[in-house]
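Data file: target34.cif. Format and content: mmCIF, N, CA and C atoms.
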```cif
data_input
#
loop_
_atom_site.label_atom_id
_atom_site.label_comp_id
_atom_site.auth_asym_id
_atom_site.auth_seq_id
_atom_site.Cartn_x
_atom_site.Cartn_y
_atom_site.Cartn_z
N MET G 13 -11.82 -3.17 10.56
CA MET G 13 -10.41 -3.30 10.23
C MET G 13 -9.92 -2.10 9.45
N ARG G 14 -10.73 -1.63 8.48
CA ARG G 14 -10.28 -0.54 7.61
C ARG G 14 -10.01 0.72 8.41
N ALA G 15 -10.91 1.10 9.33
CA ALA G 15 -10.71 2.31 10.12
C ALA G 15 -9.46 2.21 10.98
N VAL G 16 -9.23 1.04 11.56
CA VAL G 16 -8.03 0.82 12.38
C VAL G 16 -6.78 0.93 11.52
N ALA G 17 -6.80 0.31 10.35
CA ALA G 17 -5.63 0.34 9.47
C ALA G 17 -5.32 1.76 9.03
N ILE G 18 -6.34 2.52 8.68
CA ILE G 18 -6.11 3.90 8.25
C ILE G 18 -5.60 4.73 9.41
N ALA G 19 -6.13 4.50 10.60
CA ALA G 19 -5.65 5.22 11.78
C ALA G 19 -4.18 4.92 12.05
N VAL G 20 -3.79 3.66 11.90
CA VAL G 20 -2.39 3.28 12.10
C VAL G 20 -1.51 3.95 11.05
N VAL G 21 -1.96 3.98 9.81
CA VAL G 21 -1.20 4.63 8.74
C VAL G 21 -1.00 6.10 9.08
N ILE G 22 -2.06 6.77 9.54
CA ILE G 22 -1.95 8.18 9.92
C ILE G 22 -1.00 8.32 11.11
N GLY G 23 -1.12 7.43 12.09
CA GLY G 23 -0.26 7.47 13.26
C GLY G 23 1.21 7.28 12.94
N LEU G 24 1.48 6.47 11.95
CA LEU G 24 2.86 6.24 11.55
C LEU G 24 3.40 7.40 10.73
N GLY G 25 2.50 8.26 10.25
CA GLY G 25 2.92 9.37 9.42
C GLY G 25 3.43 8.92 8.07
N LEU G 26 2.94 7.81 7.60
CA LEU G 26 3.44 7.24 6.36
C LEU G 26 2.96 8.02 5.16
N GLY G 27 3.87 8.36 4.32
CA GLY G 27 3.54 8.99 3.07
C GLY G 27 3.21 10.47 3.19
N CYS G 28 2.86 10.96 4.34
CA CYS G 28 2.42 12.34 4.46
C CYS G 28 3.52 13.29 4.04
N GLY G 29 3.27 14.00 2.97
CA GLY G 29 4.22 14.98 2.49
C GLY G 29 5.49 14.38 1.95
N ALA G 30 5.50 13.09 1.69
CA ALA G 30 6.73 12.43 1.27
C ALA G 30 7.19 12.88 -0.11
N GLY G 31 6.26 13.16 -1.01
CA GLY G 31 6.62 13.61 -2.34
C GLY G 31 7.21 12.50 -3.18
N LYS G 32 7.43 12.81 -4.44
CA LYS G 32 7.92 11.81 -5.36
C LYS G 32 9.41 11.57 -5.24
N SER G 33 10.10 12.38 -4.42
CA SER G 33 11.53 12.14 -4.24
C SER G 33 11.78 10.78 -3.59
N ASN G 34 10.74 10.23 -2.94
CA ASN G 34 10.85 8.93 -2.29
C ASN G 34 10.23 7.83 -3.13
N ALA G 35 10.11 8.06 -4.42
CA ALA G 35 9.49 7.07 -5.30
C ALA G 35 10.25 5.76 -5.22
N PRO G 36 9.54 4.64 -5.33
CA PRO G 36 10.17 3.34 -5.20
C PRO G 36 11.15 3.02 -6.33
N GLY G 37 12.06 2.11 -6.03
CA GLY G 37 13.03 1.66 -7.03
C GLY G 37 12.58 0.35 -7.65
N THR G 38 13.54 -0.47 -8.01
CA THR G 38 13.26 -1.77 -8.62
C THR G 38 12.71 -2.73 -7.56
N PRO G 39 11.58 -3.38 -7.84
CA PRO G 39 10.99 -4.29 -6.84
C PRO G 39 11.88 -5.49 -6.53
N VAL G 40 11.93 -5.85 -5.25
CA VAL G 40 12.67 -7.05 -4.82
C VAL G 40 11.78 -8.27 -4.90
N ALA G 41 10.44 -8.04 -5.01
CA ALA G 41 9.50 -9.16 -5.07
C ALA G 41 8.21 -8.70 -5.74
N SER G 42 7.51 -9.66 -6.36
CA SER G 42 6.17 -9.45 -6.90
C SER G 42 5.24 -10.36 -6.11
N VAL G 43 4.22 -9.77 -5.49
CA VAL G 43 3.34 -10.52 -4.59
C VAL G 43 1.88 -10.16 -4.82
N THR G 44 1.01 -11.01 -4.28
CA THR G 44 -0.41 -10.71 -4.21
C THR G 44 -0.72 -10.21 -2.80
N PRO G 45 -1.84 -9.54 -2.60
CA PRO G 45 -2.19 -9.11 -1.25
C PRO G 45 -2.27 -10.29 -0.27
N ASP G 46 -2.88 -11.40 -0.71
CA ASP G 46 -3.01 -12.57 0.17
C ASP G 46 -1.65 -13.12 0.58
N LEU G 47 -0.72 -13.20 -0.36
CA LEU G 47 0.61 -13.72 -0.05
C LEU G 47 1.33 -12.81 0.95
N LEU G 48 1.20 -11.49 0.78
CA LEU G 48 1.85 -10.55 1.67
C LEU G 48 1.27 -10.62 3.08
N VAL G 49 -0.05 -10.68 3.17
CA VAL G 49 -0.70 -10.80 4.47
C VAL G 49 -0.31 -12.11 5.14
N MET G 50 -0.29 -13.21 4.39
CA MET G 50 0.09 -14.51 4.94
C MET G 50 1.53 -14.49 5.45
N ALA G 51 2.41 -13.86 4.70
CA ALA G 51 3.82 -13.80 5.11
C ALA G 51 3.97 -13.09 6.45
N TYR G 52 3.28 -11.96 6.62
CA TYR G 52 3.38 -11.22 7.89
C TYR G 52 2.64 -11.94 9.02
N SER G 53 1.56 -12.64 8.71
CA SER G 53 0.82 -13.37 9.74
C SER G 53 1.57 -14.61 10.20
N ASP G 54 2.24 -15.30 9.28
CA ASP G 54 2.95 -16.53 9.61
C ASP G 54 4.24 -16.29 10.40
N ASN G 55 5.02 -15.28 9.98
CA ASN G 55 6.32 -15.03 10.63
C ASN G 55 6.71 -13.59 10.34
N ILE G 56 6.36 -12.70 11.26
CA ILE G 56 6.58 -11.28 11.01
C ILE G 56 8.06 -10.95 10.88
N ALA G 57 8.93 -11.65 11.60
CA ALA G 57 10.37 -11.38 11.50
C ALA G 57 10.89 -11.73 10.11
N ALA G 58 10.48 -12.86 9.59
CA ALA G 58 10.91 -13.27 8.25
C ALA G 58 10.35 -12.32 7.20
N ALA G 59 9.08 -11.92 7.36
CA ALA G 59 8.46 -10.99 6.41
C ALA G 59 9.14 -9.62 6.46
N ASP G 60 9.46 -9.17 7.68
CA ASP G 60 10.19 -7.90 7.82
C ASP G 60 11.50 -7.95 7.05
N ALA G 61 12.24 -9.03 7.24
CA ALA G 61 13.53 -9.17 6.57
C ALA G 61 13.38 -9.17 5.05
N LYS G 62 12.31 -9.76 4.57
CA LYS G 62 12.13 -9.91 3.12
C LYS G 62 11.49 -8.69 2.46
N TYR G 63 10.54 -8.04 3.16
CA TYR G 63 9.74 -7.01 2.50
C TYR G 63 9.83 -5.60 3.09
N THR G 64 9.92 -5.47 4.41
CA THR G 64 9.81 -4.16 5.05
C THR G 64 10.92 -3.21 4.60
N ASN G 65 10.49 -2.00 4.23
CA ASN G 65 11.37 -0.94 3.73
C ASN G 65 12.02 -1.29 2.40
N LYS G 66 11.41 -2.22 1.69
CA LYS G 66 11.90 -2.61 0.37
C LYS G 66 10.80 -2.34 -0.66
N THR G 67 11.21 -2.18 -1.90
CA THR G 67 10.26 -1.95 -2.99
C THR G 67 9.62 -3.26 -3.40
N VAL G 68 8.30 -3.26 -3.46
CA VAL G 68 7.53 -4.46 -3.77
C VAL G 68 6.50 -4.12 -4.86
N LYS G 69 6.31 -5.08 -5.77
CA LYS G 69 5.22 -4.96 -6.76
C LYS G 69 4.06 -5.79 -6.25
N LEU G 70 2.90 -5.17 -6.13
CA LEU G 70 1.69 -5.82 -5.63
C LEU G 70 0.66 -5.88 -6.75
N THR G 71 0.13 -7.06 -7.00
CA THR G 71 -0.92 -7.23 -8.01
C THR G 71 -2.11 -7.91 -7.36
N GLY G 72 -3.27 -7.27 -7.46
CA GLY G 72 -4.46 -7.86 -6.87
C GLY G 72 -5.70 -7.04 -7.18
N ARG G 73 -6.82 -7.52 -6.63
CA ARG G 73 -8.11 -6.88 -6.85
C ARG G 73 -8.28 -5.72 -5.87
N VAL G 74 -8.64 -4.57 -6.38
CA VAL G 74 -8.89 -3.40 -5.54
C VAL G 74 -10.26 -3.54 -4.89
N THR G 75 -10.29 -3.42 -3.57
CA THR G 75 -11.54 -3.59 -2.84
C THR G 75 -12.18 -2.26 -2.46
N SER G 76 -11.39 -1.19 -2.42
CA SER G 76 -11.95 0.11 -2.04
C SER G 76 -10.96 1.22 -2.38
N ILE G 77 -11.51 2.36 -2.69
CA ILE G 77 -10.73 3.59 -2.78
C ILE G 77 -11.47 4.56 -1.86
N PRO G 78 -11.01 4.67 -0.60
CA PRO G 78 -11.73 5.49 0.37
C PRO G 78 -11.95 6.92 -0.11
N SER G 79 -13.07 7.49 0.30
CA SER G 79 -13.41 8.84 -0.13
C SER G 79 -12.62 9.90 0.62
N HIS G 80 -11.89 9.50 1.66
CA HIS G 80 -11.08 10.45 2.41
C HIS G 80 -9.61 10.27 2.07
N ARG G 81 -8.84 11.31 2.34
CA ARG G 81 -7.40 11.27 2.09
C ARG G 81 -6.68 11.48 3.41
N LEU G 82 -5.41 11.10 3.45
CA LEU G 82 -4.62 11.30 4.66
C LEU G 82 -4.42 12.79 4.91
N PRO G 83 -4.47 13.22 6.18
CA PRO G 83 -4.24 14.64 6.48
C PRO G 83 -2.78 15.01 6.23
N GLY G 84 -2.53 16.28 6.15
CA GLY G 84 -1.16 16.74 5.94
C GLY G 84 -0.78 16.68 4.48
N GLY G 85 -0.27 15.54 4.06
CA GLY G 85 0.15 15.38 2.68
C GLY G 85 -0.98 15.12 1.72
N GLY G 86 -2.15 14.75 2.24
CA GLY G 86 -3.30 14.51 1.39
C GLY G 86 -3.18 13.28 0.51
N GLU G 87 -2.45 12.27 0.98
CA GLU G 87 -2.24 11.05 0.21
C GLU G 87 -3.57 10.38 -0.16
N TYR G 88 -3.60 9.78 -1.34
CA TYR G 88 -4.74 8.94 -1.73
C TYR G 88 -4.45 7.52 -1.28
N LEU G 89 -5.47 6.85 -0.76
CA LEU G 89 -5.33 5.45 -0.35
C LEU G 89 -6.14 4.56 -1.27
N VAL G 90 -5.57 3.40 -1.59
CA VAL G 90 -6.25 2.37 -2.37
C VAL G 90 -6.12 1.08 -1.58
N GLU G 91 -7.22 0.38 -1.38
CA GLU G 91 -7.21 -0.85 -0.59
C GLU G 91 -7.24 -2.07 -1.50
N PHE G 92 -6.30 -2.96 -1.25
CA PHE G 92 -6.23 -4.28 -1.89
C PHE G 92 -6.53 -5.28 -0.78
N GLY G 93 -7.78 -5.41 -0.38
CA GLY G 93 -8.11 -6.26 0.76
C GLY G 93 -7.49 -5.67 2.02
N GLU G 94 -6.60 -6.42 2.66
CA GLU G 94 -5.98 -5.98 3.90
C GLU G 94 -4.68 -5.20 3.68
N VAL G 95 -4.32 -4.96 2.44
CA VAL G 95 -3.12 -4.20 2.13
C VAL G 95 -3.53 -2.84 1.57
N LEU G 96 -2.92 -1.79 2.12
CA LEU G 96 -3.18 -0.44 1.67
C LEU G 96 -2.05 0.05 0.77
N ALA G 97 -2.39 0.84 -0.22
CA ALA G 97 -1.40 1.48 -1.08
C ALA G 97 -1.64 2.97 -1.01
N SER G 98 -0.57 3.76 -0.77
CA SER G 98 -0.74 5.21 -0.73
C SER G 98 -0.06 5.84 -1.94
N PHE G 99 -0.73 6.85 -2.47
CA PHE G 99 -0.25 7.59 -3.63
C PHE G 99 -0.13 9.06 -3.27
N HIS G 100 0.91 9.71 -3.75
CA HIS G 100 1.14 11.13 -3.54
C HIS G 100 -0.01 11.92 -4.17
N PRO G 101 -0.37 13.08 -3.61
CA PRO G 101 -1.45 13.88 -4.19
C PRO G 101 -1.23 14.23 -5.68
N ASP G 102 0.01 14.36 -6.08
CA ASP G 102 0.31 14.66 -7.49
C ASP G 102 -0.05 13.50 -8.42
N ASP G 103 -0.30 12.33 -7.85
CA ASP G 103 -0.60 11.13 -8.65
C ASP G 103 -2.11 10.90 -8.80
N ARG G 104 -2.89 11.95 -8.67
CA ARG G 104 -4.34 11.86 -8.78
C ARG G 104 -4.76 11.18 -10.09
N ASP G 105 -4.07 11.51 -11.19
CA ASP G 105 -4.43 10.91 -12.48
C ASP G 105 -4.22 9.40 -12.48
N GLN G 106 -3.17 8.92 -11.76
CA GLN G 106 -2.95 7.47 -11.66
C GLN G 106 -4.09 6.82 -10.88
N VAL G 107 -4.45 7.42 -9.75
CA VAL G 107 -5.50 6.85 -8.89
C VAL G 107 -6.83 6.86 -9.64
N ALA G 108 -7.07 7.87 -10.47
CA ALA G 108 -8.31 7.95 -11.23
C ALA G 108 -8.46 6.79 -12.22
N LYS G 109 -7.36 6.16 -12.61
CA LYS G 109 -7.40 5.03 -13.56
C LYS G 109 -7.70 3.70 -12.87
N ILE G 110 -7.70 3.69 -11.55
CA ILE G 110 -7.90 2.46 -10.79
C ILE G 110 -9.40 2.25 -10.57
N SER G 111 -9.86 1.03 -10.81
CA SER G 111 -11.28 0.73 -10.62
C SER G 111 -11.48 -0.26 -9.49
N VAL G 112 -12.45 0.01 -8.64
CA VAL G 112 -12.81 -0.92 -7.57
C VAL G 112 -13.32 -2.19 -8.23
N GLY G 113 -12.81 -3.33 -7.79
CA GLY G 113 -13.18 -4.62 -8.36
C GLY G 113 -12.24 -5.05 -9.47
N GLY G 114 -11.46 -4.12 -9.99
CA GLY G 114 -10.50 -4.44 -11.04
C GLY G 114 -9.19 -4.95 -10.47
N THR G 115 -8.44 -5.67 -11.29
CA THR G 115 -7.11 -6.14 -10.89
C THR G 115 -6.08 -5.13 -11.39
N HIS G 116 -5.26 -4.67 -10.45
CA HIS G 116 -4.25 -3.65 -10.77
C HIS G 116 -2.93 -4.02 -10.12
N SER G 117 -1.85 -3.45 -10.65
CA SER G 117 -0.52 -3.63 -10.09
C SER G 117 0.04 -2.27 -9.69
N VAL G 118 0.66 -2.24 -8.52
CA VAL G 118 1.32 -1.04 -8.03
C VAL G 118 2.71 -1.42 -7.53
N VAL G 119 3.59 -0.44 -7.53
CA VAL G 119 4.93 -0.61 -6.97
C VAL G 119 5.09 0.43 -5.89
N GLY G 120 5.54 -0.01 -4.71
CA GLY G 120 5.73 0.92 -3.60
C GLY G 120 6.66 0.33 -2.55
N THR G 121 6.95 1.14 -1.55
CA THR G 121 7.82 0.71 -0.44
C THR G 121 6.96 0.07 0.63
N CYS G 122 7.26 -1.17 0.96
CA CYS G 122 6.47 -1.92 1.93
C CYS G 122 6.79 -1.48 3.36
N VAL G 123 5.72 -1.17 4.09
CA VAL G 123 5.83 -0.78 5.49
C VAL G 123 4.82 -1.63 6.24
N ALA G 124 5.20 -2.14 7.39
CA ALA G 124 4.28 -2.97 8.17
C ALA G 124 4.30 -2.52 9.62
N LYS G 125 3.16 -2.65 10.27
CA LYS G 125 3.02 -2.35 11.68
C LYS G 125 2.61 -3.62 12.38
N ALA G 126 3.43 -4.07 13.32
CA ALA G 126 3.18 -5.32 14.02
C ALA G 126 1.91 -5.20 14.88
N GLY G 127 1.32 -6.33 15.14
CA GLY G 127 0.14 -6.39 15.97
C GLY G 127 -0.56 -7.71 15.76
N LYS G 128 -1.70 -7.87 16.43
CA LYS G 128 -2.46 -9.10 16.28
C LYS G 128 -2.78 -9.34 14.81
N ARG G 129 -3.17 -8.28 14.10
CA ARG G 129 -3.38 -8.31 12.65
C ARG G 129 -2.46 -7.24 12.08
N PRO G 130 -1.35 -7.63 11.49
CA PRO G 130 -0.41 -6.62 10.97
C PRO G 130 -1.09 -5.70 9.95
N VAL G 131 -0.71 -4.43 10.01
CA VAL G 131 -1.16 -3.46 9.02
C VAL G 131 -0.06 -3.33 8.00
N ILE G 132 -0.40 -3.56 6.75
CA ILE G 132 0.60 -3.53 5.68
C ILE G 132 0.25 -2.42 4.71
N LEU G 133 1.24 -1.58 4.44
CA LEU G 133 1.06 -0.45 3.54
C LEU G 133 2.19 -0.43 2.54
N LEU G 134 1.85 -0.15 1.29
CA LEU G 134 2.86 0.18 0.30
C LEU G 134 2.80 1.69 0.15
N ALA G 135 3.90 2.37 0.50
CA ALA G 135 3.95 3.82 0.47
C ALA G 135 4.57 4.32 -0.83
N ASN G 136 4.24 5.55 -1.19
CA ASN G 136 4.81 6.21 -2.38
C ASN G 136 4.60 5.37 -3.63
N CYS G 137 3.41 4.89 -3.80
CA CYS G 137 3.11 3.96 -4.92
C CYS G 137 3.05 4.64 -6.28
N ASP G 138 3.33 3.82 -7.27
CA ASP G 138 3.12 4.16 -8.67
C ASP G 138 2.30 3.03 -9.27
N LEU G 139 1.34 3.39 -10.12
CA LEU G 139 0.54 2.41 -10.83
C LEU G 139 1.37 1.83 -11.96
N VAL G 140 1.39 0.49 -12.06
CA VAL G 140 2.11 -0.18 -13.13
C VAL G 140 1.18 -0.23 -14.34
N LYS G 141 1.66 0.19 -15.46
CA LYS G 141 0.83 0.22 -16.68
C LYS G 141 0.78 -1.12 -17.34
#
```

Give the structure from this file in structure tokens form.
Amino acid sequence: MRAVAIAVVIGLGLGCGAGKSNAPGTPVASVTPDLLVMAYSDNIAAADAKYTNKTVKLTGRVTSIPSHRLPGGGEYLVEFGEVLASFHPDDRDQVAKISVGGTHSVVGTCVAKAGKRPVILLANCDLVK
């Protein structure tokens, strides 16, 4: 799943070179990774209306920080189970504070890719202190 999700993120060109000018605004919702995945799995149209292209605060356990970065913009990826969060290369210090297995909160713009298993990404993330 992880390789497919990262490939889809690269294919969508999400976050690549986006810079901090696209930093998220005030969150419209605070969710957990499980709730976000369930929302898109249960009714993708309703989830799109509620979350897609909107700023969302995500709080959950970090399952992985892949050793590779997205090409082009060099985005850092952080995995919260089935939800990915991308950080601008300038945010290296924020990503360095994130621990695998720890519970963290991020704010980013929710992007989803439809499919049998939707790929959910929060782009242009900031770590919530």

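Picture a line from CA of Cys137 (chain G) to CA of Ser117 (chain G); it runs 9.9 Å.
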
Pairwise distance, CA of Ile56 (chain G) with CA of Val95 (chain G), equals 14.9 Å

Determine the residue membership of the PyMOL selection byres ((chain G and resi 63) around 8) for the file above and supply it as a ChimeraX atom specification. /G:40-41,57-62,64-68,121-124

Kindly indicate which residue among G:Ser42, G:Gly72, G:Asp54, G:Leu139 lies nearest to Gln106 (chain G), using all atoms listed in the file for the distances.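 Checking each of G:Ser42, G:Gly72, G:Asp54, G:Leu139 against Gln106 (chain G), counting all atoms listed in the file, the winner is G:Leu139.
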
Two-atom distance - CA of Gly114 (chain G), CA of Met50 (chain G) (Å): 21.7 Å

When DSSP works through the backbone of this structure, what residues of region 36-95 of chain G end up as strand (DSSP E), shown as an MDAnalysis selection string? chainID G and resid 41:43 67:73 88:92 95

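Nearest to His100 (chain G) of all the residues G:Leu133, G:Thr38, G:Gly120, G:Gly86 is G:Gly86, counting all atoms listed in the file.
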
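For the residues G:Pro101, G:His116, G:Leu89, G:Leu48, ranking by smallest atom-to-atom distance to Arg73 (chain G) using all atoms listed in the file places G:His116 first.
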
Would you kindly translate the PyMOL selection byres ((chain G and resi 43) around 5) into the concrete residues it picks from this file, as a PyMOL selection string? chain G and resi 41-42+44-45+69-71

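Across the chains present, the PyMOL selection byres (((chain G and resi 91 and name CA) around 6) and name CA) applied to this file returns Val74, Thr75, Ser76, Val90, Phe92, Gly93, Val95 and Leu96 of chain G.
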
Filtered DSSP result for region 57-103 of chain G, state alpha helix (DSSP H), as a PyMOL selection string: chain G and resi 57-63

Would you export the selected residues with N, CA and C atoms as a tab-separated table (two decimals), keeping the file's coordinate frame, please?
```tsv
chain	number	residue	atom	x	y	z
G	57	ALA	N	8.93	-11.65	11.60
G	57	ALA	CA	10.37	-11.38	11.50
G	57	ALA	C	10.89	-11.73	10.11
G	58	ALA	N	10.48	-12.86	9.59
G	58	ALA	CA	10.91	-13.27	8.25
G	58	ALA	C	10.35	-12.32	7.20
G	59	ALA	N	9.08	-11.92	7.36
G	59	ALA	CA	8.46	-10.99	6.41
G	59	ALA	C	9.14	-9.62	6.46
G	60	ASP	N	9.46	-9.17	7.68
G	60	ASP	CA	10.19	-7.90	7.82
G	60	ASP	C	11.50	-7.95	7.05
G	61	ALA	N	12.24	-9.03	7.24
G	61	ALA	CA	13.53	-9.17	6.57
G	61	ALA	C	13.38	-9.17	5.05
G	62	LYS	N	12.31	-9.76	4.57
G	62	LYS	CA	12.13	-9.91	3.12
G	62	LYS	C	11.49	-8.69	2.46
G	63	TYR	N	10.54	-8.04	3.16
G	63	TYR	CA	9.74	-7.01	2.50
G	63	TYR	C	9.83	-5.60	3.09
```

Name the closest residue to Asp138 (chain G) among the candidates G:Gly37, G:Gly113, G:Pro78, G:Glu94; distances are taken between atoms, counting only C-alpha atoms.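 Checking each candidate against Asp138 (chain G), we get G:Gly37 as the closest.
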
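Shortest separation to Asn136 (chain G) among G:Ser79, G:Asn55, G:Ser98, G:Ser111 occurs at residue G:Ser98, atoms counted being only C-alpha atoms.
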
Kindly reconstruct region 112-121 of chain G with all heavy atoms and present the result as a compact mmCIF listing (two decimals), in the coordinates of the input.
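What follows is the written file selection-v3.txt:
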```
# COMPACT_ATOMS: atom_id res chain seq x y z
N VAL G 112 -12.45 0.01 -8.64
CA VAL G 112 -12.81 -0.92 -7.57
C VAL G 112 -13.32 -2.19 -8.23
O VAL G 112 -14.14 -2.15 -9.15
CB VAL G 112 -13.86 -0.31 -6.63
CG1 VAL G 112 -14.34 -1.34 -5.61
CG2 VAL G 112 -13.30 0.92 -5.93
N GLY G 113 -12.81 -3.33 -7.79
CA GLY G 113 -13.18 -4.62 -8.36
C GLY G 113 -12.24 -5.05 -9.47
O GLY G 113 -12.21 -6.22 -9.83
N GLY G 114 -11.46 -4.12 -9.99
CA GLY G 114 -10.50 -4.44 -11.04
C GLY G 114 -9.19 -4.95 -10.47
O GLY G 114 -8.86 -4.71 -9.30
N THR G 115 -8.44 -5.67 -11.29
CA THR G 115 -7.11 -6.14 -10.89
C THR G 115 -6.08 -5.13 -11.39
O THR G 115 -6.06 -4.78 -12.57
CB THR G 115 -6.83 -7.53 -11.48
OG1 THR G 115 -7.81 -8.44 -10.95
CG2 THR G 115 -5.44 -8.02 -11.10
N HIS G 116 -5.26 -4.67 -10.45
CA HIS G 116 -4.25 -3.65 -10.77
C HIS G 116 -2.93 -4.02 -10.12
O HIS G 116 -2.89 -4.78 -9.15
CB HIS G 116 -4.70 -2.28 -10.27
CG HIS G 116 -5.96 -1.79 -10.92
ND1 HIS G 116 -5.97 -1.18 -12.15
CD2 HIS G 116 -7.25 -1.86 -10.53
CE1 HIS G 116 -7.20 -0.87 -12.47
NE2 HIS G 116 -8.01 -1.29 -11.51
N SER G 117 -1.85 -3.45 -10.65
CA SER G 117 -0.52 -3.63 -10.09
C SER G 117 0.04 -2.27 -9.69
O SER G 117 -0.10 -1.30 -10.44
CB SER G 117 0.43 -4.28 -11.10
OG SER G 117 0.02 -5.59 -11.41
N VAL G 118 0.66 -2.24 -8.52
CA VAL G 118 1.32 -1.04 -8.03
C VAL G 118 2.71 -1.42 -7.53
O VAL G 118 2.96 -2.56 -7.16
CB VAL G 118 0.52 -0.34 -6.90
CG1 VAL G 118 -0.84 0.11 -7.39
CG2 VAL G 118 0.39 -1.23 -5.68
N VAL G 119 3.59 -0.44 -7.53
CA VAL G 119 4.93 -0.61 -6.97
C VAL G 119 5.09 0.43 -5.89
O VAL G 119 4.79 1.61 -6.10
CB VAL G 119 6.02 -0.44 -8.05
CG1 VAL G 119 7.40 -0.48 -7.43
CG2 VAL G 119 5.89 -1.51 -9.11
N GLY G 120 5.54 -0.01 -4.71
CA GLY G 120 5.73 0.92 -3.60
C GLY G 120 6.66 0.33 -2.55
O GLY G 120 7.08 -0.81 -2.65
N THR G 121 6.95 1.14 -1.55
CA THR G 121 7.82 0.71 -0.44
C THR G 121 6.96 0.07 0.63
O THR G 121 6.04 0.70 1.15
CB THR G 121 8.58 1.91 0.14
OG1 THR G 121 9.32 2.54 -0.91
CG2 THR G 121 9.53 1.47 1.24
```
